[in-house]
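The file structure-v5.pdb contains PDB, C-alpha atoms:
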```
ATOM      1  CA  MET Z   1      71.544  67.722  27.399  1.00  0.00           C
ATOM      2  CA  SER Z   2      74.733  67.601  29.362  1.00  0.00           C
ATOM      3  CA  ASP Z   3      76.448  69.490  26.560  1.00  0.00           C
ATOM      4  CA  ARG Z   4      73.977  72.321  26.866  1.00  0.00           C
ATOM      5  CA  LEU Z   5      74.434  72.395  30.628  1.00  0.00           C
ATOM      6  CA  GLU Z   6      78.202  72.397  30.298  1.00  0.00           C
ATOM      7  CA  ASP Z   7      78.078  75.174  27.740  1.00  0.00           C
ATOM      8  CA  PHE Z   8      75.771  77.218  29.980  1.00  0.00           C
ATOM      9  CA  VAL Z   9      78.065  76.747  32.972  1.00  0.00           C
ATOM     10  CA  ARG Z  10      81.159  77.717  30.951  1.00  0.00           C
ATOM     11  CA  GLN Z  11      79.489  80.809  29.564  1.00  0.00           C
ATOM     12  CA  HIS Z  12      78.280  81.997  32.979  1.00  0.00           C
ATOM     13  CA  ARG Z  13      81.246  80.804  35.046  1.00  0.00           C
ATOM     14  CA  GLU Z  14      81.960  84.245  36.464  1.00  0.00           C
ATOM     15  CA  GLN Z  15      78.468  84.536  37.851  1.00  0.00           C
ATOM     16  CA  PHE Z  16      78.812  81.188  39.622  1.00  0.00           C
ATOM     17  CA  ASP Z  17      82.118  82.140  41.216  1.00  0.00           C
ATOM     18  CA  LEU Z  18      80.723  85.173  43.040  1.00  0.00           C
ATOM     19  CA  ARG Z  19      79.569  83.190  46.041  1.00  0.00           C
ATOM     20  CA  GLU Z  20      81.303  80.374  47.797  1.00  0.00           C
ATOM     21  CA  PRO Z  21      79.447  77.756  49.780  1.00  0.00           C
ATOM     22  CA  ASP Z  22      79.775  77.361  53.514  1.00  0.00           C
ATOM     23  CA  PRO Z  23      82.786  75.132  54.434  1.00  0.00           C
ATOM     24  CA  SER Z  24      80.442  72.736  56.235  1.00  0.00           C
ATOM     25  CA  VAL Z  25      78.883  71.901  52.863  1.00  0.00           C
ATOM     26  CA  TRP Z  26      82.233  70.647  51.622  1.00  0.00           C
ATOM     27  CA  LEU Z  27      82.621  68.491  54.729  1.00  0.00           C
ATOM     28  CA  LYS Z  28      79.357  66.788  53.931  1.00  0.00           C
ATOM     29  CA  ILE Z  29      80.380  66.163  50.332  1.00  0.00           C
ATOM     30  CA  ASN Z  30      83.869  64.793  50.826  1.00  0.00           C
ATOM     31  CA  PRO Z  31      85.392  65.056  54.283  1.00  0.00           C
ATOM     32  CA  ALA Z  32      88.741  63.524  53.228  1.00  0.00           C
ATOM     33  CA  ASN Z  33      89.553  66.189  50.625  1.00  0.00           C
ATOM     34  CA  THR Z  34      88.652  69.190  52.747  1.00  0.00           C
ATOM     35  CA  PRO Z  35      91.376  71.806  52.846  1.00  0.00           C
ATOM     36  CA  VAL Z  36      92.483  72.607  56.381  1.00  0.00           C
ATOM     37  CA  VAL Z  37      92.266  76.294  57.164  1.00  0.00           C
ATOM     38  CA  GLN Z  38      95.014  77.187  59.589  1.00  0.00           C
ATOM     39  CA  GLU Z  39      94.075  79.671  62.312  1.00  0.00           C
ATOM     40  CA  ARG Z  40      96.247  82.705  62.605  1.00  0.00           C
ATOM     41  CA  ARG Z  41      97.594  82.965  66.101  1.00  0.00           C
ATOM     42  CA  PRO Z  42      98.703  86.291  67.471  1.00  0.00           C
ATOM     43  CA  MET Z  43     102.375  86.531  68.005  1.00  0.00           C
ATOM     44  CA  ARG Z  44     103.609  85.200  71.311  1.00  0.00           C
ATOM     45  CA  TRP Z  45     105.442  88.393  72.235  1.00  0.00           C
ATOM     46  CA  LEU Z  46     102.235  90.385  71.813  1.00  0.00           C
ATOM     47  CA  ARG Z  47     100.533  88.214  74.418  1.00  0.00           C
ATOM     48  CA  VAL Z  48     103.455  88.618  76.790  1.00  0.00           C
ATOM     49  CA  ALA Z  49     103.486  92.400  76.303  1.00  0.00           C
ATOM     50  CA  ALA Z  50      99.744  92.581  76.986  1.00  0.00           C
ATOM     51  CA  ALA Z  51     100.138  90.511  80.162  1.00  0.00           C
ATOM     52  CA  VAL Z  52     102.982  92.715  81.416  1.00  0.00           C
ATOM     53  CA  ALA Z  53     100.952  95.847  80.677  1.00  0.00           C
ATOM     54  CA  MET Z  54      97.947  94.458  82.587  1.00  0.00           C
ATOM     55  CA  ILE Z  55     100.109  93.531  85.593  1.00  0.00           C
ATOM     56  CA  PHE Z  56     101.712  96.982  85.602  1.00  0.00           C
ATOM     57  CA  ALA Z  57      98.368  98.780  85.323  1.00  0.00           C
ATOM     58  CA  GLY Z  58      96.821  96.626  88.036  1.00  0.00           C
ATOM     59  CA  SER Z  59      99.674  97.105  90.475  1.00  0.00           C
ATOM     60  CA  THR Z  60      99.757 100.860  89.836  1.00  0.00           C
ATOM     61  CA  ALA Z  61      96.030 101.133  90.449  1.00  0.00           C
ATOM     62  CA  GLY Z  62      96.332  99.004  93.576  1.00  0.00           C
ATOM     63  CA  ILE Z  63      99.109 101.159  95.002  1.00  0.00           C
ATOM     64  CA  TYR Z  64      97.137 104.306  94.174  1.00  0.00           C
ATOM     65  CA  PHE Z  65      94.010 103.105  95.962  1.00  0.00           C
ATOM     66  CA  LEU Z  66      95.903 101.649  98.930  1.00  0.00           C
ATOM     67  CA  ALA Z  67      97.638 105.002  99.365  1.00  0.00           C
ATOM     68  CA  GLY Z  68      94.218 106.585  99.695  1.00  0.00           C
ATOM     69  CA  GLY Z  69      94.079 107.996  96.204  1.00  0.00           C
ATOM     70  CA  GLN Z  70      96.957 110.352  96.906  1.00  0.00           C
ATOM     71  CA  GLY Z  71      99.223 111.132  94.046  1.00  0.00           C
ATOM     72  CA  GLU Z  72     100.062 114.505  92.602  1.00  0.00           C
ATOM     73  CA  LYS Z  73      97.526 116.158  94.879  1.00  0.00           C
ATOM     74  CA  ASP Z  74      99.524 114.905  97.884  1.00  0.00           C
ATOM     75  CA  ARG Z  75     101.803 117.914  97.819  1.00  0.00           C
ATOM     76  CA  TYR Z  76      98.841 120.306  97.523  1.00  0.00           C
ATOM     77  CA  SER Z  77      96.911 118.617 100.304  1.00  0.00           C
ATOM     78  CA  SER Z  78      99.953 118.571 102.619  1.00  0.00           C
ATOM     79  CA  GLU Z  79     100.417 122.325 102.121  1.00  0.00           C
ATOM     80  CA  MET Z  80      96.702 122.836 102.683  1.00  0.00           C
ATOM     81  CA  TYR Z  81      96.827 120.607 105.768  1.00  0.00           C
ATOM     82  CA  ARG Z  82      99.758 122.598 107.169  1.00  0.00           C
ATOM     83  CA  GLU Z  83      97.880 125.875 106.639  1.00  0.00           C
ATOM     84  CA  ILE Z  84      94.798 124.441 108.308  1.00  0.00           C
ATOM     85  CA  GLN Z  85      96.881 123.348 111.287  1.00  0.00           C
ATOM     86  CA  GLU Z  86      98.427 126.808 111.585  1.00  0.00           C
ATOM     87  CA  THR Z  87      95.006 128.457 111.440  1.00  0.00           C
ATOM     88  CA  GLU Z  88      93.622 125.992 113.945  1.00  0.00           C
ATOM     89  CA  SER Z  89      96.549 126.650 116.296  1.00  0.00           C
ATOM     90  CA  TYR Z  90      96.068 130.417 116.023  1.00  0.00           C
ATOM     91  CA  TYR Z  91      92.358 130.261 116.825  1.00  0.00           C
ATOM     92  CA  ARG Z  92      92.876 127.784 119.665  1.00  0.00           C
ATOM     93  CA  GLN Z  93      95.373 130.183 121.197  1.00  0.00           C
ATOM     94  CA  MET Z  94      92.960 133.105 120.805  1.00  0.00           C
ATOM     95  CA  VAL Z  95      90.077 131.121 122.365  1.00  0.00           C
ATOM     96  CA  SER Z  96      92.324 130.028 125.215  1.00  0.00           C
ATOM     97  CA  GLN Z  97      93.391 133.629 125.912  1.00  0.00           C
ATOM     98  CA  ARG Z  98      89.787 134.855 125.922  1.00  0.00           C
ATOM     99  CA  TYR Z  99      88.762 132.015 128.205  1.00  0.00           C
ATOM    100  CA  ASP Z 100      91.620 132.819 130.612  1.00  0.00           C
ATOM    101  CA  GLU Z 101      90.445 136.449 130.710  1.00  0.00           C
ATOM    102  CA  LEU Z 102      86.925 135.246 131.393  1.00  0.00           C
ATOM    103  CA  LYS Z 103      87.739 132.765 134.199  1.00  0.00           C
ATOM    104  CA  PRO Z 104      87.761 135.257 137.089  1.00  0.00           C
ATOM    105  CA  PHE Z 105      84.348 136.555 136.074  1.00  0.00           C
ATOM    106  CA  LEU Z 106      82.875 133.056 135.717  1.00  0.00           C
ATOM    107  CA  VAL Z 107      83.680 132.219 139.344  1.00  0.00           C
ATOM    108  CA  SER Z 108      81.073 134.722 140.486  1.00  0.00           C
ATOM    109  CA  ASP Z 109      78.454 133.625 137.917  1.00  0.00           C
ATOM    110  CA  PRO Z 110      78.015 129.810 137.712  1.00  0.00           C
ATOM    111  CA  ALA Z 111      74.952 130.094 135.442  1.00  0.00           C
ATOM    112  CA  ALA Z 112      76.973 131.965 132.835  1.00  0.00           C
ATOM    113  CA  GLU Z 113      79.725 129.383 133.150  1.00  0.00           C
ATOM    114  CA  GLU Z 114      77.255 126.527 132.564  1.00  0.00           C
ATOM    115  CA  MET Z 115      75.774 128.255 129.499  1.00  0.00           C
ATOM    116  CA  LEU Z 116      79.257 128.923 128.145  1.00  0.00           C
ATOM    117  CA  HIS Z 117      80.252 125.267 128.535  1.00  0.00           C
ATOM    118  CA  MET Z 118      77.070 124.134 126.763  1.00  0.00           C
ATOM    119  CA  ASP Z 119      77.657 126.538 123.856  1.00  0.00           C
ATOM    120  CA  MET Z 120      81.308 125.562 123.557  1.00  0.00           C
ATOM    121  CA  ALA Z 121      80.450 121.847 123.628  1.00  0.00           C
ATOM    122  CA  GLU Z 122      77.926 122.371 120.838  1.00  0.00           C
ATOM    123  CA  LEU Z 123      80.438 124.306 118.750  1.00  0.00           C
ATOM    124  CA  ASP Z 124      83.096 121.646 119.413  1.00  0.00           C
ATOM    125  CA  GLU Z 125      80.711 118.967 118.147  1.00  0.00           C
ATOM    126  CA  VAL Z 126      80.055 120.943 114.959  1.00  0.00           C
ATOM    127  CA  TYR Z 127      83.793 121.450 114.555  1.00  0.00           C
ATOM    128  CA  SER Z 128      84.495 117.724 114.847  1.00  0.00           C
ATOM    129  CA  GLN Z 129      81.905 117.040 112.141  1.00  0.00           C
ATOM    130  CA  LEU Z 130      83.570 119.627 109.925  1.00  0.00           C
ATOM    131  CA  LYS Z 131      86.922 117.951 110.527  1.00  0.00           C
ATOM    132  CA  GLU Z 132      85.449 114.621 109.387  1.00  0.00           C
ATOM    133  CA  ASP Z 133      84.145 116.340 106.247  1.00  0.00           C
ATOM    134  CA  LEU Z 134      87.592 117.775 105.702  1.00  0.00           C
ATOM    135  CA  LYS Z 135      89.120 114.282 105.751  1.00  0.00           C
ATOM    136  CA  ASP Z 136      86.838 113.326 102.877  1.00  0.00           C
ATOM    137  CA  ASN Z 137      87.552 116.433 100.840  1.00  0.00           C
ATOM    138  CA  ALA Z 138      90.586 118.378 102.095  1.00  0.00           C
ATOM    139  CA  SER Z 139      90.564 120.954  99.336  1.00  0.00           C
ATOM    140  CA  ASN Z 140      86.961 121.996  99.882  1.00  0.00           C
ATOM    141  CA  PRO Z 141      87.064 125.736 100.689  1.00  0.00           C
ATOM    142  CA  GLU Z 142      83.526 125.756 102.137  1.00  0.00           C
ATOM    143  CA  VAL Z 143      84.511 123.272 104.842  1.00  0.00           C
ATOM    144  CA  ILE Z 144      87.627 125.264 105.705  1.00  0.00           C
ATOM    145  CA  GLU Z 145      85.632 128.501 105.853  1.00  0.00           C
ATOM    146  CA  ALA Z 146      83.051 126.838 108.102  1.00  0.00           C
ATOM    147  CA  MET Z 147      85.830 125.690 110.449  1.00  0.00           C
ATOM    148  CA  ILE Z 148      87.226 129.213 110.667  1.00  0.00           C
ATOM    149  CA  LEU Z 149      83.734 130.606 111.185  1.00  0.00           C
ATOM    150  CA  ASN Z 150      83.249 128.130 114.036  1.00  0.00           C
ATOM    151  CA  TYR Z 151      86.316 129.508 115.805  1.00  0.00           C
ATOM    152  CA  ARG Z 152      85.199 133.084 115.159  1.00  0.00           C
ATOM    153  CA  VAL Z 153      81.815 132.341 116.712  1.00  0.00           C
ATOM    154  CA  LYS Z 154      83.584 130.891 119.763  1.00  0.00           C
ATOM    155  CA  LEU Z 155      85.652 134.064 120.066  1.00  0.00           C
ATOM    156  CA  GLU Z 156      82.562 136.256 119.701  1.00  0.00           C
ATOM    157  CA  ILE Z 157      80.723 134.326 122.401  1.00  0.00           C
ATOM    158  CA  LEU Z 158      83.678 134.617 124.758  1.00  0.00           C
ATOM    159  CA  GLU Z 159      84.165 138.323 124.057  1.00  0.00           C
ATOM    160  CA  ASP Z 160      80.441 139.096 124.415  1.00  0.00           C
ATOM    161  CA  LEU Z 161      80.241 137.193 127.666  1.00  0.00           C
ATOM    162  CA  LEU Z 162      83.399 138.896 128.915  1.00  0.00           C
ATOM    163  CA  ASN Z 163      81.961 142.323 128.091  1.00  0.00           C
ATOM    164  CA  GLN Z 164      78.633 141.492 129.734  1.00  0.00           C
ATOM    165  CA  LEU Z 165      80.280 140.205 132.895  1.00  0.00           C
ATOM    166  CA  LYS Z 166      82.594 143.240 133.037  1.00  0.00           C
ATOM    167  CA  GLU Z 167      79.586 145.555 132.711  1.00  0.00           C
ATOM    168  CA  LYS Z 168      77.754 143.623 135.402  1.00  0.00           C
ATOM    169  CA  GLU Z 169      80.767 143.847 137.702  1.00  0.00           C
ATOM    170  CA  ASN Z 170      81.089 147.573 137.045  1.00  0.00           C
ATOM    171  CA  GLN Z 171      77.408 148.060 137.827  1.00  0.00           C
ATOM    172  CA  ASP Z 172      77.759 146.037 141.016  1.00  0.00           C
ATOM    173  CA  TYR Z 173      80.820 148.068 141.965  1.00  0.00           C
ATOM    174  CA  GLU Z 174      78.982 151.334 141.315  1.00  0.00           C
ATOM    175  CA  LYS Z 175      76.049 150.152 143.459  1.00  0.00           C
ATOM    176  CA  ASP Z 176      78.426 149.241 146.281  1.00  0.00           C
ATOM    177  CA  GLU Z 177      80.090 152.652 146.081  1.00  0.00           C
ATOM    178  CA  SER Z 178      76.774 154.506 146.064  1.00  0.00           C
ATOM    179  CA  VAL Z 179      75.600 152.529 149.102  1.00  0.00           C
ATOM    180  CA  SER Z 180      78.797 153.125 151.046  1.00  0.00           C
ATOM    181  CA  LEU Z 181      78.756 156.891 150.513  1.00  0.00           C
TER     182      LEU Z 181
END
```

Is it possible to express this structure as C-alpha cells?
Amino acid sequence: MSDRLEDFVRQHREQFDLREPDPSVWLKINPANTPVVQERRPMRWLRVAAAVAMIFAGSTAGIYFLAGGQGEKDRYSSEMYREIQETESYYRQMVSQRYDELKPFLVSDPAAEEMLHMDMAELDEVYSQLKEDLKDNASNPEVIEAMILNYRVKLEILEDLLNQLKEKENQDYEKDESVSL
C-alpha cells in the first residue's frame, strides 16, 4: 500500500507543490529544524533621509504659519496695503477739508452738529468693522470698495449739510435785508 501511495505522490508531485503550508505548521512539526526567515530592513540612509525631510517640512510649515501665512503674497499684499493707505489718506484729507468748511455753519446750528456727529460716529464704526475684515482678507476687492464707499458717503453727508446750511444762511440773510429795507 505504501508503494501505491508513493507512486501516486511521485506522479502528482507538481500538484502538491502548488501550495505551501503556513510557517506555523512547520513550527509545530519540528521547531528545531525551522528555517529562519530574515526580515529585510530598509536601508539606514533611507530612514535618515526621511527624518531630515520631515524635520525640514515641519519647520517650513511652522515658519509659514508663525509668519501669518505670508509668503509670495506678501509682496502683493504690501502693495495693496500701501494703496489702501494712500486712498485712506486722500479721503481723510477730503473729509477734513469739508468739515473745516462746515465748522462756521455748525456753530449757529447745534442740532445739525449733533446729527452730523451721530452719523459720522456710525460711519466710523462701520469703517472699523471693514478694516477688521480687511485684516482677514486683504485682497478682497468688495471690502476695499466698501471702505471707499464709506468715505464717499461721509463726503456726501458733509457736502449736503454744507449746502443746506449755506442755503439756510442765505435765506436768513435775505430775510434780514428785506426787513431792514

Point to revise | Selected residue, from Z:Ala50, Z:Ile29, Z:Val126, Z:Leu165, that lies nearest to Z:Ser108 when counting only C-alpha atoms | key: Z:Leu165

Revision key, fill the gap. Between Z:Ala112, Z:Arg152, Z:Lys131, Z:Asp7, smallest distance to Z:Gln85 by only C-alpha atoms belongs to Z:Lys131

**Study point:** Computed interatomic separation between atom CA of Z:Ile63 and atom CA of Z:Ala51 (Å)
**Key:**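 Here the two named atoms are 18.3 Å from each other.
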
Exercise for review: Scan for residues within 12 Å of the point (81.0, 136.6, 121.6) in the coordinates of the file, using only C-alpha atoms, and reply as a PyMOL selection string.
Suggested key: chain Z and resi 95+98-99+102+116+119-120+150-165

Review point. What is the distance, in Å and to one decimal place, between atom CA of Z:Glu142 and atom CA of Z:Gln129?
Key: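 For atom CA of Z:Glu142 relative to atom CA of Z:Gln129, the distance reads 13.4 Å.
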
Point to revise | Point-to-point distance from atom CA of Z:Lys103 to atom CA of Z:Leu130, Å rounded to tenths | key: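 Result for atom CA of Z:Lys103 versus atom CA of Z:Leu130: 27.9 Å, one decimal.
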
Would you compute the box with edges along x, y and z of the file around stretch 17-25 of chain Z, including every atom the file lists for it and 5 Å extra on each side, and give its centre and edge lengths in Å to one decimal, as AutoDock Vina command-line options?
```
--center_x 80.8 --center_y 78.5 --center_z 48.7 --size_x 13.9 --size_y 23.3 --size_z 25.0
```
